[in-house]
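Each remark here refers to the structure printed beneath this line.
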2 protein chains.
Amino acid sequence: MEKRSKKSQQENTKDLSAEEKIKAAARQLFTKKGYSATRTRDIAEAAGINLALLNYYFRSKEKLFDLIMLENFGQFIHGVRNLFNDKNSSLDQKIENLVDFYISQLIVNPDLPLFVLNEIRSDPKKLQARGFFRDILRKSYFMQQLVEELARQKRTDINPIHIMVNIFSMTIFPFAAAPIICYVGELAEQEFIQVMEERKILIPVWIKKMIAAK
Amino acid sequence: MEKRSKKSQQENTKDLSAEEKIKAAARQLFTKKGYSATRTRDIAEAAGINLALLNYYFRSKEKLFDLIMLENFGQFIHGVRNLFNDKNSSLDQKIENLVDFYISQLIVNPDLPLFVLNEIRSDPKKLQARGFFRDILRKSYFMQQLVEELARQKRTDINPIHIMVNIFSMTIFPFAAAPIICYVGELAEQEFIQVMEERKILIPVWIKKMIAAK
DNA sequence: GTCTATATACGGATAGAC
DNA sequence: GTCTATCCGTATATAGAC
């Protein structure tokens, strides 16, 4: 009993299954190098298993990729849906929560932004397919609160899309550009993370200034 | 005479050379899809020439790619070097010039950001190789002015790297995320461009607010 | 310089033994 | 379930005719 998960019954072997090892290796390589540049042989080697097993478990490279991609997208979106439609938090709180949530996620998975952006560009249909973003953002309670606040501050001159874009730009872009930032700023990995932690506090303050009356 | 360029002497044929057509097609495909996902056959077809010519002119796919990449990087950097070290412009003017320059460039070449970011991640050595960014940013006159201004505003609490990151984030990221923004905001291409044009004015204002004393 | 035809390599996928 | 050996399509690159 104990920690034995409720997976397939045959999994009474010792430890982490080959299937899981393949997925972990595939996630790392696909997320880092993209679909075309990743070879199934590399995945197999990284997973420490045989190439044939990959096809045994996942049928094809493409099927495996689709699986990873869905999980990556899900991870990227999950939580935002709830944060944005929480009826009990103020606009300011939502911004703080969102920025904190994203930065925390991206510190652990810094390759996600480029992966998602590349995927969407290479096949924009992925956006509609799941209706991933539209209702999450455009029709969200967050958007409603943002528009109201802009009206209260007499900032109807400013398109709310700019504010949305700025939140995501300042939060996500630094991770996509991490190698440049570390190189230019002469930052080690830990220092970079420290800078990103600072931004959890700073970005909401900056956004508030943008919205504030002139 | 007239418009005849001073290229190779044998180029006394009628119009745009095959070599140029290949480079143009290669730039478009490489920039859009990356190295691995682009096939030399596609380049040849897009250029309207035979596959063998590609190797005749450029020896190999990789050599051709390196050429395109260098030019893309150059285009991305060129101008910034001068803008940042102009002794005769104020900090505010530099920010305005930089944002205007980048957004104008990116409206024409919206695929450049992802291309550059992908290339750097896949091979961070490219950063050092040319010393592309370091002295342009860190040791620039712009950086000096920024640090001085932060001191004058009694904002020594804020690491200047944040301001740099914010300028580039707000300027560049929207182009990398263009498909998402257009989808969420229900923007046609022209409307997206219009929004980006607005940002030429807005971003410098926002940055000024970030630097301003509390 | 430009083409056709082809050599060569590589990567995804499968057959079949254990 | 896991391995070895191998097949086969595809993509790069070149040889050689014109």
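Residues in the structure tokens are numbered from 1 in each chain, the chains being A, B, ... in the order shown, and ligands are numbered from 1 in the order shown.
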Review point. Got a sec: who's within 10 Å of D:DG1, counting only C-alpha atoms (C1' of nucleotides), leaving out chain neighbours fewer than 5 positions off, as a PyMOL selection string?
Key: chain A and resi 18+53+56
Review point. Taking only C-alpha atoms (C1' of nucleotides) into account, which residues of chain D are within 12 Å of chain B, as a VMD selection string?
Key: chain D and resid 10 to 15
Store the residues picked out above in a file with N, CA, C and O atoms (P, O5', C5', C4', C3', O3' and C1' of nucleotides), as a PDB file, in the first residue's frame.
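Writing done, so here's part03.pdb:
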ATOM      1  P    DT D  10       8.072  10.230 -47.480  1.00  0.00           P
ATOM      2  O5'  DT D  10       9.212  11.201 -46.925  1.00  0.00           O
ATOM      3  C5'  DT D  10       9.537  11.168 -45.535  1.00  0.00           C
ATOM      4  C4'  DT D  10      10.848  11.892 -45.312  1.00  0.00           C
ATOM      5  C3'  DT D  10      11.043  13.102 -46.223  1.00  0.00           C
ATOM      6  O3'  DT D  10      11.473  14.164 -45.410  1.00  0.00           O
ATOM      7  C1'  DT D  10      12.943  11.729 -46.284  1.00  0.00           C
ATOM      8  P    DA D  11      11.407  15.666 -45.983  1.00  0.00           P
ATOM      9  O5'  DA D  11      12.907  16.140 -45.785  1.00  0.00           O
ATOM     10  C5'  DA D  11      13.637  15.727 -44.642  1.00  0.00           C
ATOM     11  C4'  DA D  11      15.089  16.071 -44.836  1.00  0.00           C
ATOM     12  C3'  DA D  11      15.330  17.262 -45.759  1.00  0.00           C
ATOM     13  O3'  DA D  11      16.290  18.120 -45.182  1.00  0.00           O
ATOM     14  C1'  DA D  11      16.467  15.345 -46.599  1.00  0.00           C
ATOM     15  P    DT D  12      16.878  19.355 -45.966  1.00  0.00           P
ATOM     16  O5'  DT D  12      18.424  19.002 -46.174  1.00  0.00           O
ATOM     17  C5'  DT D  12      19.184  18.531 -45.078  1.00  0.00           C
ATOM     18  C4'  DT D  12      20.497  17.984 -45.584  1.00  0.00           C
ATOM     19  C3'  DT D  12      21.331  18.978 -46.398  1.00  0.00           C
ATOM     20  O3'  DT D  12      22.654  18.987 -45.891  1.00  0.00           O
ATOM     21  C1'  DT D  12      21.072  16.949 -47.588  1.00  0.00           C
ATOM     22  P    DA D  13      23.677  20.120 -46.411  1.00  0.00           P
ATOM     23  O5'  DA D  13      24.425  19.355 -47.581  1.00  0.00           O
ATOM     24  C5'  DA D  13      25.033  18.103 -47.307  1.00  0.00           C
ATOM     25  C4'  DA D  13      25.440  17.436 -48.612  1.00  0.00           C
ATOM     26  C3'  DA D  13      26.200  18.347 -49.587  1.00  0.00           C
ATOM     27  O3'  DA D  13      27.506  17.829 -49.758  1.00  0.00           O
ATOM     28  C1'  DA D  13      24.544  17.056 -50.690  1.00  0.00           C
ATOM     29  P    DT D  14      28.577  18.613 -50.718  1.00  0.00           P
ATOM     30  O5'  DT D  14      28.565  17.710 -52.023  1.00  0.00           O
ATOM     31  C5'  DT D  14      28.643  16.297 -51.856  1.00  0.00           C
ATOM     32  C4'  DT D  14      28.505  15.608 -53.204  1.00  0.00           C
ATOM     33  C3'  DT D  14      29.328  16.226 -54.345  1.00  0.00           C
ATOM     34  O3'  DT D  14      29.918  15.174 -55.068  1.00  0.00           O
ATOM     35  C1'  DT D  14      27.113  16.009 -55.007  1.00  0.00           C
ATOM     36  P    DA D  15      31.192  15.423 -55.950  1.00  0.00           P
ATOM     37  O5'  DA D  15      30.970  14.360 -57.127  1.00  0.00           O
ATOM     38  C5'  DA D  15      29.988  13.331 -56.978  1.00  0.00           C
ATOM     39  C4'  DA D  15      29.496  12.866 -58.346  1.00  0.00           C
ATOM     40  C3'  DA D  15      30.389  13.273 -59.517  1.00  0.00           C
ATOM     41  O3'  DA D  15      30.364  12.227 -60.480  1.00  0.00           O
ATOM     42  C1'  DA D  15      28.262  14.241 -59.789  1.00  0.00           C
TER      43       DA D  15
END
Exercise for review: Report as a list in words the set of chain C residues whose atoms approach chain A to within 10 Å, with distances computed over only C-alpha atoms (C1' of nucleotides).
Suggested key: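 So the residues of chain C near chain A are DG11, DG12, DA13 and DT14 of chain C.
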Using only C-alpha atoms and a cut-off of 6 Å, which residues of chain A sit close to chain B? Please list them as a PDB file with N, CA and C atoms, in the first residue's frame.
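Output saved as iface23.pdb:
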ATOM      1  N   SER A  36      10.891  19.608 -34.049  1.00  0.00           N
ATOM      2  CA  SER A  36      11.752  19.156 -35.143  1.00  0.00           C
ATOM      3  C   SER A  36      13.178  18.870 -34.709  1.00  0.00           C
ATOM      4  N   ALA A  37      13.692  19.687 -33.817  1.00  0.00           N
ATOM      5  CA  ALA A  37      15.096  19.554 -33.430  1.00  0.00           C
ATOM      6  C   ALA A  37      15.320  18.427 -32.424  1.00  0.00           C
ATOM      7  N   ARG A 134      -9.202  32.786 -24.940  1.00  0.00           N
ATOM      8  CA  ARG A 134     -10.223  33.799 -25.136  1.00  0.00           C
ATOM      9  C   ARG A 134     -11.062  34.080 -23.885  1.00  0.00           C
ATOM     10  N   ASN A 166       1.082  44.557 -20.868  1.00  0.00           N
ATOM     11  CA  ASN A 166       2.211  44.917 -20.015  1.00  0.00           C
ATOM     12  C   ASN A 166       2.420  43.940 -18.867  1.00  0.00           C
ATOM     13  N   SER A 169       3.907  40.882 -20.489  1.00  0.00           N
ATOM     14  CA  SER A 169       5.237  41.184 -21.031  1.00  0.00           C
ATOM     15  C   SER A 169       6.270  41.219 -19.925  1.00  0.00           C
ATOM     16  N   MET A 170       6.004  42.007 -18.903  1.00  0.00           N
ATOM     17  CA  MET A 170       7.001  42.197 -17.848  1.00  0.00           C
ATOM     18  C   MET A 170       7.193  40.934 -17.024  1.00  0.00           C
ATOM     19  N   PHE A 173       8.363  37.764 -20.389  1.00  0.00           N
ATOM     20  CA  PHE A 173       9.502  37.984 -21.291  1.00  0.00           C
ATOM     21  C   PHE A 173      10.869  37.754 -20.645  1.00  0.00           C
ATOM     22  N   VAL A 184      24.239  40.017 -19.984  1.00  0.00           N
ATOM     23  CA  VAL A 184      24.401  41.467 -19.912  1.00  0.00           C
ATOM     24  C   VAL A 184      24.569  41.930 -18.471  1.00  0.00           C
TER      25      VAL A 184
END
Review point. What is the atom CA of B:Gln153-atom CA of A:Ile163 distance in Å, reported with one decimal?
Key: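 One can read the atom CA of B:Gln153 to atom CA of A:Ile163 distance as 25.0 Å.
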Exercise for review: Within 9 Å of B:Ile22, counting only C-alpha atoms (C1' of nucleotides), which residues show up once you throw out same-chain ones fewer than 2 positions away? Write them as a list in words, please.
Suggested key: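 Returned residues: Ser17, Ala18, Glu19, Glu20, Ala24, Ala25, Ala26, Arg27, Ile43, Ala44, Ala46, Ala47, Gly48, Ile49, Leu53 and Leu54 of chain B.
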Revision key, fill the gap. Atom CA of B:Ile95 sits from atom CA of A:Ile107 at a separation of 28.9 Å
Practice item. Using DSSP on the backbone coordinates, identify all residues within stretch 54-96 of chain A classified as alpha helix (DSSP H); present the result as a ChimeraX atom specification. Key: /A:54-58,61-77,80-85,91-96
Suppose we keep N, CA and C atoms; can you now write the selection as a short mmCIF file (atom, residue, chain, number, x, y, z; two decimals), in the first residue's frame?
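Generated file (selection.cif):
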data_model
loop_
_atom_site.label_atom_id
_atom_site.label_comp_id
_atom_site.auth_asym_id
_atom_site.auth_seq_id
_atom_site.Cartn_x
_atom_site.Cartn_y
_atom_site.Cartn_z
N LEU A 54 9.79 3.62 -26.84
CA LEU A 54 9.10 4.88 -27.05
C LEU A 54 7.87 4.66 -27.93
N ASN A 55 8.08 3.91 -29.01
CA ASN A 55 6.95 3.64 -29.90
C ASN A 55 5.98 2.64 -29.29
N TYR A 56 6.51 1.77 -28.47
CA TYR A 56 5.65 0.81 -27.81
C TYR A 56 4.62 1.52 -26.92
N TYR A 57 5.09 2.53 -26.18
CA TYR A 57 4.20 3.22 -25.24
C TYR A 57 3.38 4.33 -25.90
N PHE A 58 3.99 5.02 -26.83
CA PHE A 58 3.33 6.24 -27.33
C PHE A 58 3.02 6.20 -28.83
N LYS A 61 6.32 9.61 -32.43
CA LYS A 61 6.91 10.84 -31.90
C LYS A 61 5.84 11.93 -31.77
N GLU A 62 5.00 12.03 -32.78
CA GLU A 62 4.00 13.10 -32.80
C GLU A 62 2.99 12.93 -31.66
N LYS A 63 2.54 11.69 -31.44
CA LYS A 63 1.60 11.45 -30.35
C LYS A 63 2.21 11.84 -29.00
N LEU A 64 3.46 11.45 -28.83
CA LEU A 64 4.15 11.79 -27.59
C LEU A 64 4.24 13.30 -27.43
N PHE A 65 4.55 13.95 -28.53
CA PHE A 65 4.67 15.41 -28.47
C PHE A 65 3.34 16.06 -28.10
N ASP A 66 2.29 15.63 -28.73
CA ASP A 66 0.97 16.21 -28.44
C ASP A 66 0.63 16.09 -26.96
N LEU A 67 0.98 14.94 -26.41
CA LEU A 67 0.73 14.72 -24.99
C LEU A 67 1.47 15.74 -24.13
N ILE A 68 2.76 15.86 -24.40
CA ILE A 68 3.60 16.81 -23.65
C ILE A 68 3.07 18.23 -23.81
N MET A 69 2.72 18.56 -25.06
CA MET A 69 2.28 19.92 -25.35
C MET A 69 1.01 20.26 -24.57
N LEU A 70 0.08 19.34 -24.56
CA LEU A 70 -1.16 19.59 -23.83
C LEU A 70 -0.89 19.82 -22.35
N GLU A 71 -0.01 19.00 -21.80
CA GLU A 71 0.31 19.16 -20.38
C GLU A 71 1.01 20.49 -20.12
N ASN A 72 1.92 20.87 -21.03
CA ASN A 72 2.61 22.16 -20.87
C ASN A 72 1.62 23.32 -20.95
N PHE A 73 0.75 23.28 -21.94
CA PHE A 73 -0.25 24.33 -22.08
C PHE A 73 -1.13 24.37 -20.83
N GLY A 74 -1.56 23.21 -20.41
CA GLY A 74 -2.42 23.14 -19.24
C GLY A 74 -1.76 23.78 -18.03
N GLN A 75 -0.49 23.44 -17.84
CA GLN A 75 0.25 23.99 -16.71
C GLN A 75 0.34 25.50 -16.82
N PHE A 76 0.47 25.97 -18.04
CA PHE A 76 0.64 27.40 -18.27
C PHE A 76 -0.66 28.16 -18.00
N ILE A 77 -1.77 27.51 -18.22
CA ILE A 77 -3.06 28.16 -18.10
C ILE A 77 -3.69 27.91 -16.74
N VAL A 80 -4.69 30.32 -13.67
CA VAL A 80 -5.05 31.65 -14.15
C VAL A 80 -6.57 31.75 -14.28
N ARG A 81 -7.15 30.67 -14.76
CA ARG A 81 -8.60 30.65 -14.92
C ARG A 81 -9.28 31.01 -13.59
N ASN A 82 -8.83 30.36 -12.53
CA ASN A 82 -9.43 30.62 -11.22
C ASN A 82 -9.07 32.00 -10.70
N LEU A 83 -7.80 32.35 -10.80
CA LEU A 83 -7.35 33.66 -10.31
C LEU A 83 -8.15 34.79 -10.94
N PHE A 84 -8.37 34.68 -12.25
CA PHE A 84 -9.00 35.78 -12.99
C PHE A 84 -10.49 35.91 -12.71
N ASN A 85 -11.11 34.85 -12.30
CA ASN A 85 -12.55 34.91 -12.11
C ASN A 85 -12.97 34.85 -10.65
N LEU A 91 -8.96 44.05 -7.84
CA LEU A 91 -8.11 44.11 -9.03
C LEU A 91 -6.64 44.03 -8.63
N ASP A 92 -6.27 44.82 -7.64
CA ASP A 92 -4.88 44.81 -7.18
C ASP A 92 -4.45 43.43 -6.72
N GLN A 93 -5.30 42.81 -5.95
CA GLN A 93 -4.96 41.47 -5.46
C GLN A 93 -4.79 40.48 -6.61
N LYS A 94 -5.67 40.61 -7.60
CA LYS A 94 -5.57 39.69 -8.75
C LYS A 94 -4.24 39.86 -9.47
N ILE A 95 -3.84 41.10 -9.65
CA ILE A 95 -2.56 41.34 -10.33
C ILE A 95 -1.42 40.75 -9.51
N GLU A 96 -1.45 41.00 -8.21
CA GLU A 96 -0.40 40.44 -7.36
C GLU A 96 -0.38 38.92 -7.43
#
Check your understanding: atom CA of A:Glu119 and atom CA of A:Phe142 are how many Å apart?
Key ->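 Computing the Euclidean distance for atom CA of A:Glu119 and atom CA of A:Phe142 yields 26.3 Å.
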**Study point:** Minimum-distance residue to A:Ile193, chosen among A:Ile103, A:Ala151, A:Leu146, A:Leu112 (using only C-alpha atoms)
**Key:**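 When distances to A:Ile193 are compared using only C-alpha atoms, the smallest one comes from A:Ile103.
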